[in-house]
Amino acid sequence: MKKFFLFAALLLSGTLGVYAQTKGTNSLGLGIDFGKAETKTNNESYTSKGSNFSVNYARFIKDNAKLGIGASLGFNENGSNQETNSFGISALYQKYYPVYKKLYVFIGGDASYNNSKLTQQSSYVPNDNIQKGNSYTLGAYGGVSYFLGKHWELEARVINANFGYHTSSSEDGNIYSYKQKGFSLKTTGSFTDLGFNINFLF
């Protein structure tokens, strides 16, 4: 309920602002995600936790159109002695279309790269099992955006279509190794996988 009232207050404050998405405007977005979960069985308990950080910068190269770059870091642990570290970078282009006052829809495209490393500790082998992966993705997306005055933007991606290429390799105590390559095509949408961002404009 508190989140609802906070969101309503932000929407009302937006009526006092001015046109924000003009040429030369900069946009900065920060994302922080912390999580922790505990699983208990009859004899044992497991704790999983993770933290993910992202930052993105964009500039309106003309009215209602922006170019941007982004970076992300992720650290995750689970109860089976697994640790995953990841790093990603991305670039995007996004075009806005007015709907009503400060409400807009947008379409865009992005390209991203992600590197991950999963370490599995085991008492049965002398060395850790390490899996490394690289992913390259091209995507198109669409969504809605609301500008709160001239300094804040709320946006949510509603639908995405992605084409990806990935490689991975693994080594388990110097016993064996393998490499894998593959392609993927994925679509999500219809309010099933929203990507929500809060951006500061200056």
# chains A, B, ... in the order shown; residues from 1 in each chain; ligands from 1

call {"tool": "select_by_dssp", "arguments": {"residues": "stretch 35-73 of chain A", "states": "strand (DSSP E or B)", "output": "MDAnalysis selection string"}}
result
chainID A and resid 35:40 45:62 65:73

call {"tool": "write_last_selection", "arguments": {"atoms": "N, CA, C and O atoms", "output": "short mmCIF file (atom, residue, chain, number, x, y, z; two decimals), in the first residue's frame"}}
result
data_model
loop_
_atom_site.label_atom_id
_atom_site.label_comp_id
_atom_site.auth_asym_id
_atom_site.auth_seq_id
_atom_site.Cartn_x
_atom_site.Cartn_y
_atom_site.Cartn_z
N GLY A 35 18.96 -9.92 -2.51
CA GLY A 35 18.01 -10.98 -2.20
C GLY A 35 18.63 -12.04 -1.31
O GLY A 35 19.83 -12.29 -1.36
N LYS A 36 17.79 -12.67 -0.47
CA LYS A 36 18.25 -13.73 0.40
C LYS A 36 17.10 -14.69 0.65
O LYS A 36 15.96 -14.25 0.89
N ALA A 37 17.37 -15.98 0.58
CA ALA A 37 16.34 -16.98 0.80
C ALA A 37 16.92 -18.15 1.58
O ALA A 37 18.07 -18.52 1.40
N GLU A 38 16.11 -18.72 2.47
CA GLU A 38 16.53 -19.85 3.28
C GLU A 38 15.63 -21.05 2.99
O GLU A 38 14.40 -20.92 2.93
N THR A 39 16.23 -22.20 2.79
CA THR A 39 15.50 -23.44 2.54
C THR A 39 15.88 -24.45 3.63
O THR A 39 17.06 -24.69 3.86
N LYS A 40 14.87 -25.01 4.27
CA LYS A 40 15.12 -25.97 5.33
C LYS A 40 14.50 -27.32 4.98
O LYS A 40 13.37 -27.40 4.50
N SER A 45 19.80 -27.13 6.26
CA SER A 45 19.25 -25.85 5.81
C SER A 45 20.23 -25.20 4.85
O SER A 45 21.44 -25.36 4.98
N TYR A 46 19.70 -24.50 3.85
CA TYR A 46 20.51 -23.84 2.83
C TYR A 46 20.12 -22.37 2.75
O TYR A 46 18.95 -22.02 2.88
N THR A 47 21.11 -21.55 2.53
CA THR A 47 20.88 -20.12 2.37
C THR A 47 21.41 -19.66 1.03
O THR A 47 22.56 -19.93 0.68
N SER A 48 20.57 -18.98 0.28
CA SER A 48 20.97 -18.41 -1.01
C SER A 48 20.87 -16.90 -0.91
O SER A 48 19.92 -16.36 -0.33
N LYS A 49 21.85 -16.22 -1.47
CA LYS A 49 21.81 -14.76 -1.44
C LYS A 49 22.49 -14.21 -2.69
O LYS A 49 23.33 -14.88 -3.30
N GLY A 50 22.08 -13.02 -3.05
CA GLY A 50 22.65 -12.41 -4.25
C GLY A 50 22.53 -10.90 -4.22
O GLY A 50 21.70 -10.33 -3.50
N SER A 51 23.39 -10.26 -4.97
CA SER A 51 23.34 -8.81 -5.12
C SER A 51 23.71 -8.47 -6.55
O SER A 51 24.65 -9.05 -7.12
N ASN A 52 22.94 -7.58 -7.13
CA ASN A 52 23.16 -7.17 -8.51
C ASN A 52 23.09 -5.65 -8.60
O ASN A 52 22.22 -5.02 -7.98
N PHE A 53 24.00 -5.08 -9.37
CA PHE A 53 24.09 -3.63 -9.52
C PHE A 53 24.13 -3.28 -11.00
O PHE A 53 24.75 -3.99 -11.80
N SER A 54 23.47 -2.21 -11.35
CA SER A 54 23.51 -1.76 -12.75
C SER A 54 23.52 -0.24 -12.79
O SER A 54 23.00 0.43 -11.91
N VAL A 55 24.13 0.29 -13.83
CA VAL A 55 24.14 1.73 -14.06
C VAL A 55 24.02 1.95 -15.56
O VAL A 55 24.58 1.18 -16.36
N ASN A 56 23.24 2.94 -15.96
CA ASN A 56 23.12 3.24 -17.39
C ASN A 56 23.09 4.74 -17.59
O ASN A 56 22.56 5.49 -16.76
N TYR A 57 23.68 5.16 -18.67
CA TYR A 57 23.72 6.56 -19.04
C TYR A 57 23.21 6.71 -20.47
O TYR A 57 23.56 5.91 -21.34
N ALA A 58 22.38 7.70 -20.70
CA ALA A 58 21.85 7.95 -22.04
C ALA A 58 21.79 9.46 -22.29
O ALA A 58 21.71 10.25 -21.35
N ARG A 59 21.80 9.83 -23.54
CA ARG A 59 21.69 11.24 -23.93
C ARG A 59 20.69 11.36 -25.07
O ARG A 59 20.72 10.56 -26.01
N PHE A 60 19.80 12.32 -24.95
CA PHE A 60 18.83 12.57 -26.01
C PHE A 60 19.55 13.27 -27.16
O PHE A 60 19.93 14.43 -27.06
N ILE A 61 19.77 12.54 -28.25
CA ILE A 61 20.48 13.09 -29.40
C ILE A 61 19.57 13.99 -30.23
O ILE A 61 20.04 14.78 -31.03
N LYS A 62 18.27 13.83 -30.03
CA LYS A 62 17.28 14.74 -30.59
C LYS A 62 16.02 14.58 -29.75
O LYS A 62 15.94 13.69 -28.90
N ALA A 65 14.36 10.99 -28.68
CA ALA A 65 15.23 9.89 -29.11
C ALA A 65 16.54 9.94 -28.35
O ALA A 65 17.17 11.00 -28.25
N LYS A 66 16.97 8.80 -27.80
CA LYS A 66 18.20 8.80 -27.01
C LYS A 66 19.08 7.59 -27.34
O LYS A 66 18.61 6.54 -27.77
N LEU A 67 20.38 7.79 -27.13
CA LEU A 67 21.39 6.74 -27.21
C LEU A 67 21.93 6.52 -25.81
O LEU A 67 22.10 7.48 -25.05
N GLY A 68 22.23 5.25 -25.47
CA GLY A 68 22.72 5.00 -24.12
C GLY A 68 23.65 3.81 -24.03
O GLY A 68 23.73 2.98 -24.94
N ILE A 69 24.37 3.76 -22.92
CA ILE A 69 25.24 2.63 -22.61
C ILE A 69 24.96 2.21 -21.16
O ILE A 69 24.44 3.00 -20.36
N GLY A 70 25.30 0.98 -20.84
CA GLY A 70 25.05 0.50 -19.49
C GLY A 70 26.05 -0.57 -19.08
O GLY A 70 26.74 -1.16 -19.92
N ALA A 71 26.15 -0.80 -17.77
CA ALA A 71 27.03 -1.83 -17.23
C ALA A 71 26.35 -2.46 -16.02
O ALA A 71 25.54 -1.81 -15.33
N SER A 72 26.66 -3.72 -15.76
CA SER A 72 26.06 -4.42 -14.63
C SER A 72 27.05 -5.37 -13.99
O SER A 72 27.96 -5.89 -14.65
N LEU A 73 26.87 -5.61 -12.69
CA LEU A 73 27.67 -6.56 -11.92
C LEU A 73 26.73 -7.43 -11.11
O LEU A 73 25.73 -6.92 -10.56
#

call {"tool": "closest_atom_pairs", "arguments": {"of": "stretch 30-121 of chain A", "to": "stretch 152-174 of chain A", "cutoff": "12 Å", "atoms": "only C-alpha atoms", "output": "tab-separated table"}}
result
residue	atom	partner	partner_atom	distance
A:Gln94	CA	A:Arg157	CA	11.3
A:Tyr96	CA	A:Glu155	CA	11.1
A:Lys102	CA	A:Glu153	CA	9.7
A:Leu103	CA	A:Leu154	CA	9.7
A:Tyr104	CA	A:Glu155	CA	9.2
A:Val105	CA	A:Glu155	CA	9.1
A:Phe106	CA	A:Arg157	CA	8.7
A:Ile107	CA	A:Arg157	CA	9.0
A:Gly108	CA	A:Asn160	CA	9.6
A:Gly109	CA	A:Asn160	CA	9.4
A:Asp110	CA	A:Asn162	CA	9.2
A:Ala111	CA	A:Asn162	CA	9.4
A:Ser112	CA	A:Gly164	CA	9.3
A:Tyr113	CA	A:His166	CA	9.6
A:Asn114	CA	A:His166	CA	9.2
A:Asn115	CA	A:Ser168	CA	9.8
A:Ser116	CA	A:Ser168	CA	9.1
A:Lys117	CA	A:Ser168	CA	9.5
A:Leu118	CA	A:Ser170	CA	9.2
A:Thr119	CA	A:Ser170	CA	9.8
A:Gln120	CA	A:Asp172	CA	8.9
A:Gln121	CA	A:Asp172	CA	9.9

call {"tool": "atom_distance", "arguments": {"atom1": "atom CA of A:Leu201", "atom2": "atom CA of A:His151"}}
result
4.4 Å

call {"tool": "closest_residue", "arguments": {"among": "A:Ser90, A:Tyr100, A:Lys150, A:Thr84", "to": "A:Lys132", "atoms": "only C-alpha atoms"}}
result
A:Thr84

call {"tool": "closest_residue", "arguments": {"among": "A:Asn42, A:Gly142, A:Asp63, A:Gly74", "to": "A:Asn26", "atoms": "only C-alpha atoms"}}
result
A:Asp63

call {"tool": "closest_residue", "arguments": {"among": "A:Phe75, A:Phe196, A:Phe87, A:Phe34", "to": "A:Gly133", "atoms": "only C-alpha atoms"}}
result
A:Phe87

call {"tool": "atom_distance", "arguments": {"atom1": "atom CA of A:Ala20", "atom2": "atom CA of A:Gly143"}}
result
18.0 Å

call {"tool": "atom_distance", "arguments": {"atom1": "atom CA of A:Leu28", "atom2": "atom CA of A:Ile198"}}
result
8.7 Å

call {"tool": "select_by_dssp", "arguments": {"residues": "stretch 10-155 of chain A", "states": "helix (DSSP H, G or I)", "output": "ChimeraX atom specification"}}
result
/A:10-14

call {"tool": "decode", "arguments": {"residues": "stretch 38-50 of chain A", "atoms": "C-alpha atoms", "output": "mmCIF file, in the first residue's frame"}}
result
data_model
loop_
_atom_site.group_PDB
_atom_site.id
_atom_site.type_symbol
_atom_site.label_atom_id
_atom_site.label_comp_id
_atom_site.auth_asym_id
_atom_site.auth_seq_id
_atom_site.Cartn_x
_atom_site.Cartn_y
_atom_site.Cartn_z
ATOM 1 C CA GLU A 38 16.531 -19.853 3.277
ATOM 2 C CA THR A 39 15.502 -23.437 2.544
ATOM 3 C CA LYS A 40 15.119 -25.971 5.333
ATOM 4 C CA THR A 41 14.784 -29.748 5.083
ATOM 5 C CA ASN A 42 14.533 -32.349 7.809
ATOM 6 C CA ASN A 43 18.281 -32.503 8.367
ATOM 7 C CA GLU A 44 19.820 -29.485 6.658
ATOM 8 C CA SER A 45 19.247 -25.855 5.805
ATOM 9 C CA TYR A 46 20.512 -23.844 2.831
ATOM 10 C CA THR A 47 20.878 -20.116 2.373
ATOM 11 C CA SER A 48 20.966 -18.412 -1.007
ATOM 12 C CA LYS A 49 21.812 -14.763 -1.440
ATOM 13 C CA GLY A 50 22.653 -12.408 -4.247
#
